[in-house]
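Chemist: My structure is in query_37.csv, and what it holds is CSV, C-alpha atoms:
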```csv
chain,number,residue,atom,x,y,z
A,1,MET,CA,3.6,-97.1,178.4
A,2,VAL,CA,1.3,-94.5,180.2
A,3,ALA,CA,-0.4,-91.5,178.7
A,4,THR,CA,0.9,-88.5,180.6
A,5,PRO,CA,-1.3,-85.3,180.9
A,6,GLN,CA,1.1,-83.6,178.4
A,7,ALA,CA,0.6,-86.4,175.9
A,8,VAL,CA,-3.2,-86.3,176.3
A,9,GLU,CA,-3.1,-82.5,175.7
A,10,GLN,CA,-1.1,-83.0,172.6
A,11,PHE,CA,-3.6,-85.6,171.4
A,12,CYS,CA,-6.5,-83.1,172.0
A,13,GLN,CA,-4.7,-80.3,170.2
A,14,VAL,CA,-3.7,-82.3,167.0
A,15,LEU,CA,-7.2,-83.8,166.7
A,16,SER,CA,-9.1,-80.6,167.5
A,17,GLY,CA,-12.6,-80.9,166.2
A,18,VAL,CA,-12.3,-84.6,165.5
A,19,GLY,CA,-14.4,-87.1,167.6
A,20,GLU,CA,-14.9,-84.7,170.5
A,21,LYS,CA,-18.4,-86.0,171.1
A,22,GLU,CA,-17.3,-89.6,171.1
A,23,ARG,CA,-16.7,-91.5,174.3
A,24,HIS,CA,-13.1,-91.3,175.6
A,25,VAL,CA,-12.5,-94.3,177.9
A,26,LEU,CA,-9.5,-94.2,180.4
A,27,GLN,CA,-8.5,-97.8,180.9
A,28,GLY,CA,-5.5,-100.0,181.3
A,29,GLY,CA,-4.5,-102.5,182.7
A,30,GLU,CA,-6.0,-100.5,185.5
A,31,ILE,CA,-6.1,-96.7,185.1
A,32,THR,CA,-6.5,-96.1,188.8
A,33,VAL,CA,-3.0,-97.5,189.7
A,34,LEU,CA,-1.6,-94.2,188.3
A,35,PRO,CA,-0.8,-91.5,190.8
A,36,VAL,CA,-4.1,-89.7,191.7
A,37,LYS,CA,-2.5,-86.4,190.6
A,38,SER,CA,-1.9,-87.8,187.1
A,39,ILE,CA,-5.5,-89.2,186.9
A,40,VAL,CA,-6.9,-85.8,187.9
A,41,GLN,CA,-4.7,-84.0,185.3
A,42,ILE,CA,-5.8,-86.3,182.5
A,43,ILE,CA,-9.5,-85.9,183.4
A,44,GLU,CA,-9.1,-82.1,183.6
A,45,THR,CA,-7.2,-82.0,180.3
A,46,LEU,CA,-9.8,-84.0,178.4
A,47,HIS,CA,-12.7,-82.1,180.1
A,48,SER,CA,-11.1,-78.7,179.2
A,49,PHE,CA,-11.1,-79.7,175.5
A,50,GLY,CA,-14.8,-80.5,175.6
A,51,ARG,CA,-14.2,-84.2,175.2
A,52,ARG,CA,-16.6,-86.8,176.8
A,53,VAL,CA,-14.5,-88.7,179.2
A,54,GLY,CA,-15.1,-91.8,181.4
A,55,MET,CA,-13.2,-94.8,182.6
A,56,ARG,CA,-13.3,-98.5,182.9
A,57,THR,CA,-12.1,-99.9,186.2
A,58,ASN,CA,-11.7,-103.1,188.1
A,59,GLY,CA,-12.8,-101.2,191.2
A,60,TYR,CA,-9.4,-100.3,192.7
A,61,ASN,CA,-8.8,-96.9,194.3
A,62,VAL,CA,-11.8,-95.2,192.7
A,63,THR,CA,-12.5,-93.9,196.2
A,64,GLY,CA,-9.1,-92.1,196.1
A,65,ILE,CA,-10.1,-89.8,193.2
A,66,PRO,CA,-11.2,-86.3,194.4
A,67,LEU,CA,-15.0,-86.1,194.0
A,68,ASP,CA,-14.9,-82.9,191.9
A,69,SER,CA,-12.7,-84.8,189.3
A,70,LEU,CA,-14.7,-88.0,189.6
A,71,ASN,CA,-17.8,-86.1,188.8
A,72,LYS,CA,-16.3,-84.8,185.6
A,73,LEU,CA,-16.4,-88.4,184.3
A,74,GLU,CA,-19.6,-88.8,182.3
A,75,PHE,CA,-19.6,-92.6,182.8
A,76,ILE,CA,-17.7,-95.3,184.7
A,77,TYR,CA,-17.6,-98.9,183.7
A,78,LEU,CA,-17.3,-101.3,186.6
A,79,ASP,CA,-15.6,-104.3,185.1
A,80,ALA,CA,-16.2,-107.5,187.1
A,81,HIS,CA,-14.1,-110.6,186.4
A,82,GLY,CA,-15.5,-112.9,189.0
A,83,ASN,CA,-12.3,-112.6,191.1
A,84,ASN,CA,-12.8,-108.9,192.0
A,85,GLN,CA,-16.5,-108.9,193.0
A,86,GLU,CA,-15.8,-107.6,196.5
A,87,ALA,CA,-14.0,-104.6,195.1
A,88,ILE,CA,-16.7,-104.0,192.6
A,89,GLU,CA,-19.4,-104.0,195.2
A,90,HIS,CA,-17.4,-101.7,197.5
A,91,CYS,CA,-16.9,-99.3,194.5
A,92,ARG,CA,-20.6,-99.5,193.5
A,93,ALA,CA,-21.7,-98.5,197.0
A,94,PHE,CA,-19.3,-95.6,197.1
A,95,LEU,CA,-20.4,-94.3,193.7
A,96,GLY,CA,-24.0,-94.6,194.6
A,97,LYS,CA,-23.5,-92.1,197.4
A,98,ASN,CA,-20.9,-89.8,195.7
A,99,TYR,CA,-21.1,-90.0,191.9
A,100,GLU,CA,-23.6,-88.2,189.6
A,101,GLY,CA,-22.7,-89.8,186.3
A,102,GLU,CA,-23.6,-93.1,184.7
A,103,VAL,CA,-22.4,-96.4,186.3
A,104,ILE,CA,-22.3,-99.2,183.8
A,105,ASN,CA,-21.9,-102.7,185.2
A,106,GLU,CA,-20.0,-105.1,183.1
A,107,GLU,CA,-19.1,-108.8,183.5
A,108,ARG,CA,-16.1,-110.3,181.7
A,109,LEU,CA,-15.9,-113.8,183.0
A,110,TYR,CA,-14.2,-115.3,180.0
A,111,HIS,CA,-11.1,-114.5,178.0
A,112,ARG,CA,-9.3,-115.8,175.0
A,113,ASP,CA,-5.8,-117.0,174.6
A,114,PRO,CA,-4.1,-114.5,172.3
A,115,ALA,CA,-1.3,-116.9,171.5
A,116,ALA,CA,-3.7,-119.0,169.6
A,117,PHE,CA,-4.1,-116.3,167.0
A,118,LEU,CA,-0.4,-115.5,166.4
A,119,ASN,CA,-0.3,-116.6,162.7
A,120,HIS,CA,2.0,-113.9,161.3
A,121,ASN,CA,2.7,-113.7,157.6
A,122,GLN,CA,-0.2,-116.0,156.9
A,123,GLY,CA,-2.8,-113.4,156.1
A,124,THR,CA,-3.2,-110.8,153.3
A,125,VAL,CA,-3.4,-107.0,153.2
A,126,GLU,CA,-7.0,-107.3,151.9
A,127,GLN,CA,-7.9,-109.5,154.8
A,128,GLY,CA,-6.7,-106.9,157.2
A,129,LEU,CA,-8.4,-104.0,155.4
A,130,ASN,CA,-11.7,-105.8,155.5
A,131,CYS,CA,-11.7,-106.0,159.3
A,132,ASN,CA,-14.7,-104.0,160.5
A,133,HIS,CA,-12.9,-103.3,163.8
A,134,LEU,CA,-10.2,-101.0,162.3
A,135,LEU,CA,-10.7,-97.4,163.5
A,136,ALA,CA,-13.8,-98.4,165.4
A,137,THR,CA,-11.9,-98.0,168.7
A,138,LEU,CA,-8.7,-95.9,168.3
A,139,THR,CA,-6.3,-96.6,171.2
A,140,TYR,CA,-3.8,-94.0,172.3
A,141,PHE,CA,-0.5,-95.4,173.7
A,142,PRO,CA,1.8,-92.4,173.5
A,143,PRO,CA,3.1,-91.6,171.1
A,144,ILE,CA,1.2,-94.0,168.9
A,145,ILE,CA,-2.5,-93.9,167.8
A,146,HIS,CA,-3.3,-97.6,167.4
A,147,PRO,CA,-5.9,-98.3,164.7
A,148,CYS,CA,-7.8,-100.6,167.0
A,149,CYS,CA,-7.9,-101.8,170.6
A,150,ASN,CA,-6.4,-105.2,169.6
A,151,SER,CA,-3.2,-104.1,167.9
A,152,TRP,CA,-1.5,-102.9,171.0
A,153,ALA,CA,-2.5,-106.1,172.8
A,154,LEU,CA,-0.9,-108.1,169.9
A,155,MET,CA,2.2,-106.0,170.3
A,156,ASN,CA,2.3,-106.9,174.1
A,157,ALA,CA,1.6,-110.5,173.4
A,158,LEU,CA,4.6,-110.7,171.0
A,159,ASN,CA,6.8,-108.5,173.1
A,160,ASP,CA,7.9,-107.0,169.8
A,161,GLY,CA,8.2,-103.3,169.1
A,162,THR,CA,8.3,-103.7,165.3
A,163,MET,CA,4.6,-103.0,165.0
A,164,GLY,CA,4.9,-99.8,166.9
A,165,GLU,CA,7.9,-98.7,164.8
A,166,MET,CA,5.9,-99.2,161.6
A,167,LEU,CA,3.1,-97.1,162.9
A,168,ILE,CA,5.4,-94.3,164.1
A,169,GLU,CA,7.2,-94.2,160.7
A,170,ALA,CA,3.8,-94.0,159.0
A,171,GLY,CA,2.8,-91.0,161.0
A,172,TRP,CA,0.3,-92.7,163.3
A,173,THR,CA,1.4,-90.5,166.2
A,174,ALA,CA,0.1,-87.5,168.2
A,175,ASP,CA,3.1,-85.4,167.2
A,176,ASN,CA,2.2,-85.7,163.5
A,177,PRO,CA,0.8,-82.2,162.6
A,178,ASP,CA,-1.1,-83.9,159.7
A,179,LEU,CA,-2.5,-86.7,161.8
A,180,LYS,CA,-6.1,-85.8,160.8
A,181,ASN,CA,-5.3,-86.6,157.1
A,182,THR,CA,-3.3,-89.7,158.1
A,183,LEU,CA,-6.3,-91.1,159.9
A,184,ALA,CA,-8.8,-90.0,157.2
A,185,ASN,CA,-6.7,-91.9,154.6
A,186,TRP,CA,-6.1,-94.9,156.8
A,187,ARG,CA,-6.5,-97.4,153.9
A,188,GLN,CA,-3.5,-95.8,152.3
A,189,THR,CA,-1.4,-94.8,155.4
A,190,LEU,CA,-1.6,-98.0,157.4
A,191,PRO,CA,1.6,-99.9,156.7
A,192,LYS,CA,1.0,-102.8,154.4
A,193,PRO,CA,3.5,-105.0,156.4
A,194,PHE,CA,1.5,-104.2,159.5
A,195,LEU,CA,-1.7,-105.4,158.0
A,196,LYS,CA,-0.2,-108.6,156.5
A,197,THR,CA,2.2,-109.5,159.2
A,198,PHE,CA,0.6,-108.5,162.4
A,199,CYS,CA,-3.1,-107.9,161.7
A,200,ALA,CA,-4.5,-110.3,159.1
A,201,ASN,CA,-5.1,-113.8,160.5
A,202,SER,CA,-3.4,-112.9,163.8
A,203,CYS,CA,-6.4,-111.6,165.6
A,204,TYR,CA,-9.7,-113.2,166.5
A,205,MET,CA,-11.4,-110.5,164.4
A,206,THR,CA,-9.6,-111.6,161.2
A,207,ALA,CA,-9.1,-115.3,162.0
A,208,PRO,CA,-12.7,-116.3,163.1
A,209,ASP,CA,-12.2,-119.9,162.0
A,210,ILE,CA,-9.6,-120.7,164.6
A,211,ASP,CA,-11.0,-123.1,167.3
A,212,ASN,CA,-10.3,-121.0,170.4
A,213,PRO,CA,-13.5,-120.7,172.5
A,214,PRO,CA,-13.3,-118.2,175.4
A,215,GLN,CA,-12.1,-119.7,178.7
A,216,ARG,CA,-13.6,-118.8,182.0
A,217,ILE,CA,-11.3,-116.6,184.1
A,218,GLN,CA,-10.1,-118.7,187.1
A,219,PRO,CA,-9.3,-117.3,190.6
A,220,HIS,CA,-5.6,-117.5,191.5
A,221,HIS,CA,-4.3,-118.3,194.9
A,222,LEU,CA,-2.3,-115.1,195.0
A,223,ASP,CA,-5.4,-112.9,194.1
A,224,ARG,CA,-5.9,-110.1,196.6
A,225,VAL,CA,-8.9,-107.8,196.9
A,226,LEU,CA,-7.8,-104.2,196.2
A,227,LYS,CA,-10.5,-101.7,197.0
A,228,ARG,CA,-8.8,-98.7,198.5
```
If you took the structure in this file and wrote it as structure tokens, what would it be?

Modeler:
Amino acid sequence: MVATPQAVEQFCQVLSGVGEKERHVLQGGEITVLPVKSIVQIIETLHSFGRRVGMRTNGYNVTGIPLDSLNKLEFIYLDAHGNNQEAIEHCRAFLGKNYEGEVINEERLYHRDPAAFLNHNQGTVEQGLNCNHLLATLTYFPPIIHPCCNSWALMNALNDGTMGEMLIEAGWTADNPDLKNTLANWRQTLPKPFLKTFCANSCYMTAPDIDNPPQRIQPHHLDRVLKR
């Protein structure tokens, strides 16, 4: 699901005055596979509400974003995975000549197998609530405001919409006019089944004892360098 400019505007309106000086990172998947018009509108919307906005990219199609919009981004993470180094270098050279903001070079050469952590109904509500990652990185997948950046990934790994339905019913959505209070009282408003079934012991943050060391990302024979 993709955040439309209209959904981003709704997010900014309902959370007016909340977290405006925090970093807002546009990322995906890959944010730059969206139509350039949509990218420009999302940047303009966040910028018009006085929110600090940047993006994380694998290097694809950054050169296609109009420079006036690109330079409204306060920061850009260039996320190298080992198999996209050519695109990253192409992007870095372009930004060096045309971009005035902060370029942050990242390397993510290892990843975890999320399936190793799918231990649903084996945790407790308290275990979930004690996770120090909850609300550290709110993640907006319209219409849902996810309480962390791992919960939507778990939902994708499971191919199960139940988690999202729970959060919608509990008011964790941008169309909830009382969203500020819902988030402020997150210990009470997060659905207990969400914590027990999907969160506790089913994420590397709440199941640290599982033997699942990160694995190096391997090139694939179908990999193609996309650097437009």

Chemist: Nearest to A:Gly123: which of A:Lys196, A:Tyr77, A:Ala153, A:Val53 is it, counting all atoms listed in the file?

Modeler: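 The answer is A:Lys196, which sits nearest to A:Gly123.
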
Chemist: Using Å and a single decimal, report how far atom CA of A:Asn130 sits from atom CA of A:Gln188.

Modeler: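 Taking atom CA of A:Gln188 as the start and atom CA of A:Asn130 as the end point, the length is 13.3 Å.
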
Chemist: Interatomic distance between atom CA of A:Gln27 and atom CA of A:Glu169?

Modeler: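 These two atoms are separated by 25.8 Å.
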
Chemist: As an exercise, work out the distance from atom CA of A:Arg56 to atom CA of A:Cys149 in Å and give it to one decimal place.

Modeler: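 Those two atoms sit 13.8 Å apart.
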
Chemist: Using only C-alpha atoms, can you list as number ranges by chain the residues within 9 Å of (-3.1, -80.8, 183.3)?

Modeler: A: 5-6, 8-9, 38, 40-46

Chemist: Do you know which residues are at most 7 Å from stretch 58-73 of chain A counting all atoms listed in the file, after dropping those on the same chain fewer than 3 positions away, and could you put them as a PyMOL selection string?

Modeler: chain A and resi 30+32+36+40+43+53-54+78-80+87-88+91+99-101+226-228

Chemist: With distances taken over all atoms listed in the file, which residue among A:Ala184, A:Met55, A:Glu165, A:Leu154 lies nearest A:Ile39?

Modeler: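 The closest residue to A:Ile39 is A:Met55.
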
Chemist: Counting all atoms listed in the file, find the residues whose atoms lie at most 12 Å from (-1.3, -99.8, 154.6) (file coordinates) and write them out as a VMD selection string.

Modeler: chain A and resid 124 to 129 134 147 166 to 167 169 to 172 182 to 183 185 to 200

Chemist: For a quick check of understanding, using only C-alpha atoms, which of A:Arg23, A:His111, A:His47, A:Lys180 has the smallest distance to A:Ile145?

Modeler: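 Ranked by minimum distance to A:Ile145, first place goes to A:Lys180.
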
Chemist: Report as AutoDock Vina command-line options the centre and the edge lengths, in Å to one decimal, of the axis-aligned box holding every listed atom of stretch 164-180 of chain A, padded by 4 Å on each side.

Modeler:
```
--center_x 0.9 --center_y -91.0 --center_z 163.6 --size_x 22.0 --size_y 25.6 --size_z 17.2
```

Chemist: Using all atoms listed in the file, which of A:Pro214, A:Cys148, A:Pro35, A:Asn98 sits nearest A:Ala136?

Modeler: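 When distances to A:Ala136 are compared using all atoms listed in the file, the smallest one comes from A:Cys148.
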
Chemist: Rank nothing, just name the residue among A:Ile168, A:Ile104, A:Leu15, A:Met163 nearest to A:Pro143, using all atoms listed in the file.

Modeler: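 The shortest atom-to-atom distance to A:Pro143 comes from A:Ile168.
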
Chemist: Let me make sure I understand: among A:Phe75, A:Glu22, A:Gly28, A:Asn83, which one has the smallest atom-to-atom distance to A:Glu102 if we use all atoms listed in the file?

Modeler: A:Phe75

Chemist: Select stretch 140-184 of chain A in the preceding structure and write N, CA and C atoms to a file as a compact mmCIF listing (two decimals), in the first residue's frame.

Modeler:
```txt
# COMPACT_ATOMS: atom_id res chain seq x y z
N TYR A 140 3.90 4.85 8.76
CA TYR A 140 2.58 5.16 8.18
C TYR A 140 2.38 4.38 6.89
N PHE A 141 1.49 3.41 6.96
CA PHE A 141 1.02 2.69 5.79
C PHE A 141 -0.48 2.95 5.72
N PRO A 142 -0.90 3.96 4.96
CA PRO A 142 -2.30 4.39 5.00
C PRO A 142 -3.28 3.21 4.90
N PRO A 143 -4.31 3.23 5.75
CA PRO A 143 -4.62 4.30 6.71
C PRO A 143 -3.99 4.09 8.09
N ILE A 144 -3.14 3.07 8.24
CA ILE A 144 -2.68 2.65 9.57
C ILE A 144 -1.40 3.36 9.98
N ILE A 145 -1.37 3.80 11.23
CA ILE A 145 -0.14 4.25 11.87
C ILE A 145 0.40 3.04 12.64
N HIS A 146 1.44 2.41 12.14
CA HIS A 146 2.00 1.24 12.82
C HIS A 146 2.87 1.70 13.99
N PRO A 147 2.82 0.97 15.11
CA PRO A 147 3.55 1.39 16.31
C PRO A 147 5.05 1.23 16.21
N CYS A 148 5.53 0.52 15.21
CA CYS A 148 6.97 0.42 15.00
C CYS A 148 7.21 0.01 13.55
N CYS A 149 8.47 0.05 13.14
CA CYS A 149 8.78 -0.25 11.74
C CYS A 149 8.83 -1.75 11.48
N ASN A 150 8.72 -2.57 12.52
CA ASN A 150 8.74 -4.02 12.32
C ASN A 150 7.34 -4.61 12.16
N SER A 151 6.32 -3.93 12.70
CA SER A 151 4.99 -4.54 12.70
C SER A 151 4.44 -4.71 11.29
N TRP A 152 4.67 -3.72 10.42
CA TRP A 152 4.16 -3.88 9.05
C TRP A 152 4.95 -4.95 8.31
N ALA A 153 6.25 -5.10 8.64
CA ALA A 153 7.05 -6.14 8.00
C ALA A 153 6.56 -7.52 8.41
N LEU A 154 6.16 -7.66 9.68
CA LEU A 154 5.59 -8.92 10.14
C LEU A 154 4.30 -9.23 9.40
N MET A 155 3.48 -8.20 9.20
CA MET A 155 2.22 -8.39 8.51
C MET A 155 2.47 -8.87 7.08
N ASN A 156 3.49 -8.28 6.44
CA ASN A 156 3.83 -8.72 5.08
C ASN A 156 4.35 -10.15 5.08
N ALA A 157 5.21 -10.48 6.06
CA ALA A 157 5.78 -11.82 6.12
C ALA A 157 4.70 -12.88 6.30
N LEU A 158 3.68 -12.52 7.05
CA LEU A 158 2.59 -13.46 7.31
C LEU A 158 1.56 -13.50 6.19
N ASN A 159 1.56 -12.43 5.36
CA ASN A 159 0.49 -12.27 4.37
C ASN A 159 -0.87 -12.38 5.05
N ASP A 160 -0.99 -11.66 6.17
CA ASP A 160 -2.17 -11.75 7.02
C ASP A 160 -2.62 -10.34 7.38
N GLY A 161 -3.85 -10.00 7.07
CA GLY A 161 -4.36 -8.67 7.35
C GLY A 161 -4.96 -8.50 8.73
N THR A 162 -4.95 -9.56 9.53
CA THR A 162 -5.59 -9.49 10.86
C THR A 162 -4.97 -8.41 11.72
N MET A 163 -3.65 -8.30 11.68
CA MET A 163 -2.96 -7.30 12.48
C MET A 163 -3.44 -5.90 12.12
N GLY A 164 -3.52 -5.63 10.83
CA GLY A 164 -3.98 -4.32 10.38
C GLY A 164 -5.41 -4.05 10.81
N GLU A 165 -6.26 -5.06 10.72
CA GLU A 165 -7.66 -4.90 11.13
C GLU A 165 -7.76 -4.55 12.61
N MET A 166 -6.91 -5.17 13.43
CA MET A 166 -6.90 -4.86 14.86
C MET A 166 -6.54 -3.40 15.11
N LEU A 167 -5.51 -2.93 14.41
CA LEU A 167 -5.05 -1.56 14.61
C LEU A 167 -6.09 -0.56 14.11
N ILE A 168 -6.74 -0.87 13.00
CA ILE A 168 -7.79 0.01 12.49
C ILE A 168 -8.94 0.12 13.50
N GLU A 169 -9.36 -1.02 14.01
CA GLU A 169 -10.47 -1.03 14.97
C GLU A 169 -10.11 -0.28 16.25
N ALA A 170 -8.83 -0.29 16.60
CA ALA A 170 -8.39 0.39 17.82
C ALA A 170 -8.12 1.88 17.60
N GLY A 171 -8.29 2.35 16.37
CA GLY A 171 -8.15 3.78 16.10
C GLY A 171 -6.75 4.23 15.74
N TRP A 172 -5.88 3.29 15.37
CA TRP A 172 -4.52 3.64 14.97
C TRP A 172 -4.49 4.00 13.49
N THR A 173 -5.28 5.02 13.14
CA THR A 173 -5.41 5.41 11.74
C THR A 173 -5.41 6.94 11.63
N ALA A 174 -5.01 7.42 10.46
CA ALA A 174 -4.92 8.86 10.24
C ALA A 174 -6.29 9.52 10.16
N ASP A 175 -7.35 8.73 9.98
CA ASP A 175 -8.69 9.33 9.93
C ASP A 175 -9.37 9.34 11.29
N ASN A 176 -8.63 8.99 12.34
CA ASN A 176 -9.16 9.07 13.70
C ASN A 176 -8.93 10.49 14.23
N PRO A 177 -9.99 11.28 14.43
CA PRO A 177 -9.79 12.66 14.88
C PRO A 177 -9.15 12.76 16.26
N ASP A 178 -9.18 11.67 17.02
CA ASP A 178 -8.58 11.66 18.36
C ASP A 178 -7.26 10.88 18.36
N LEU A 179 -6.59 10.86 17.21
CA LEU A 179 -5.37 10.05 17.08
C LEU A 179 -4.29 10.46 18.08
N LYS A 180 -4.19 11.75 18.37
CA LYS A 180 -3.15 12.20 19.32
C LYS A 180 -3.29 11.48 20.66
N ASN A 181 -4.52 11.40 21.16
CA ASN A 181 -4.73 10.74 22.44
C ASN A 181 -4.55 9.23 22.33
N THR A 182 -4.92 8.68 21.18
CA THR A 182 -4.73 7.24 20.97
C THR A 182 -3.26 6.88 21.06
N LEU A 183 -2.41 7.69 20.44
CA LEU A 183 -0.97 7.42 20.49
C LEU A 183 -0.40 7.73 21.86
N ALA A 184 -0.87 8.81 22.49
CA ALA A 184 -0.35 9.18 23.80
C ALA A 184 -0.64 8.10 24.84
```
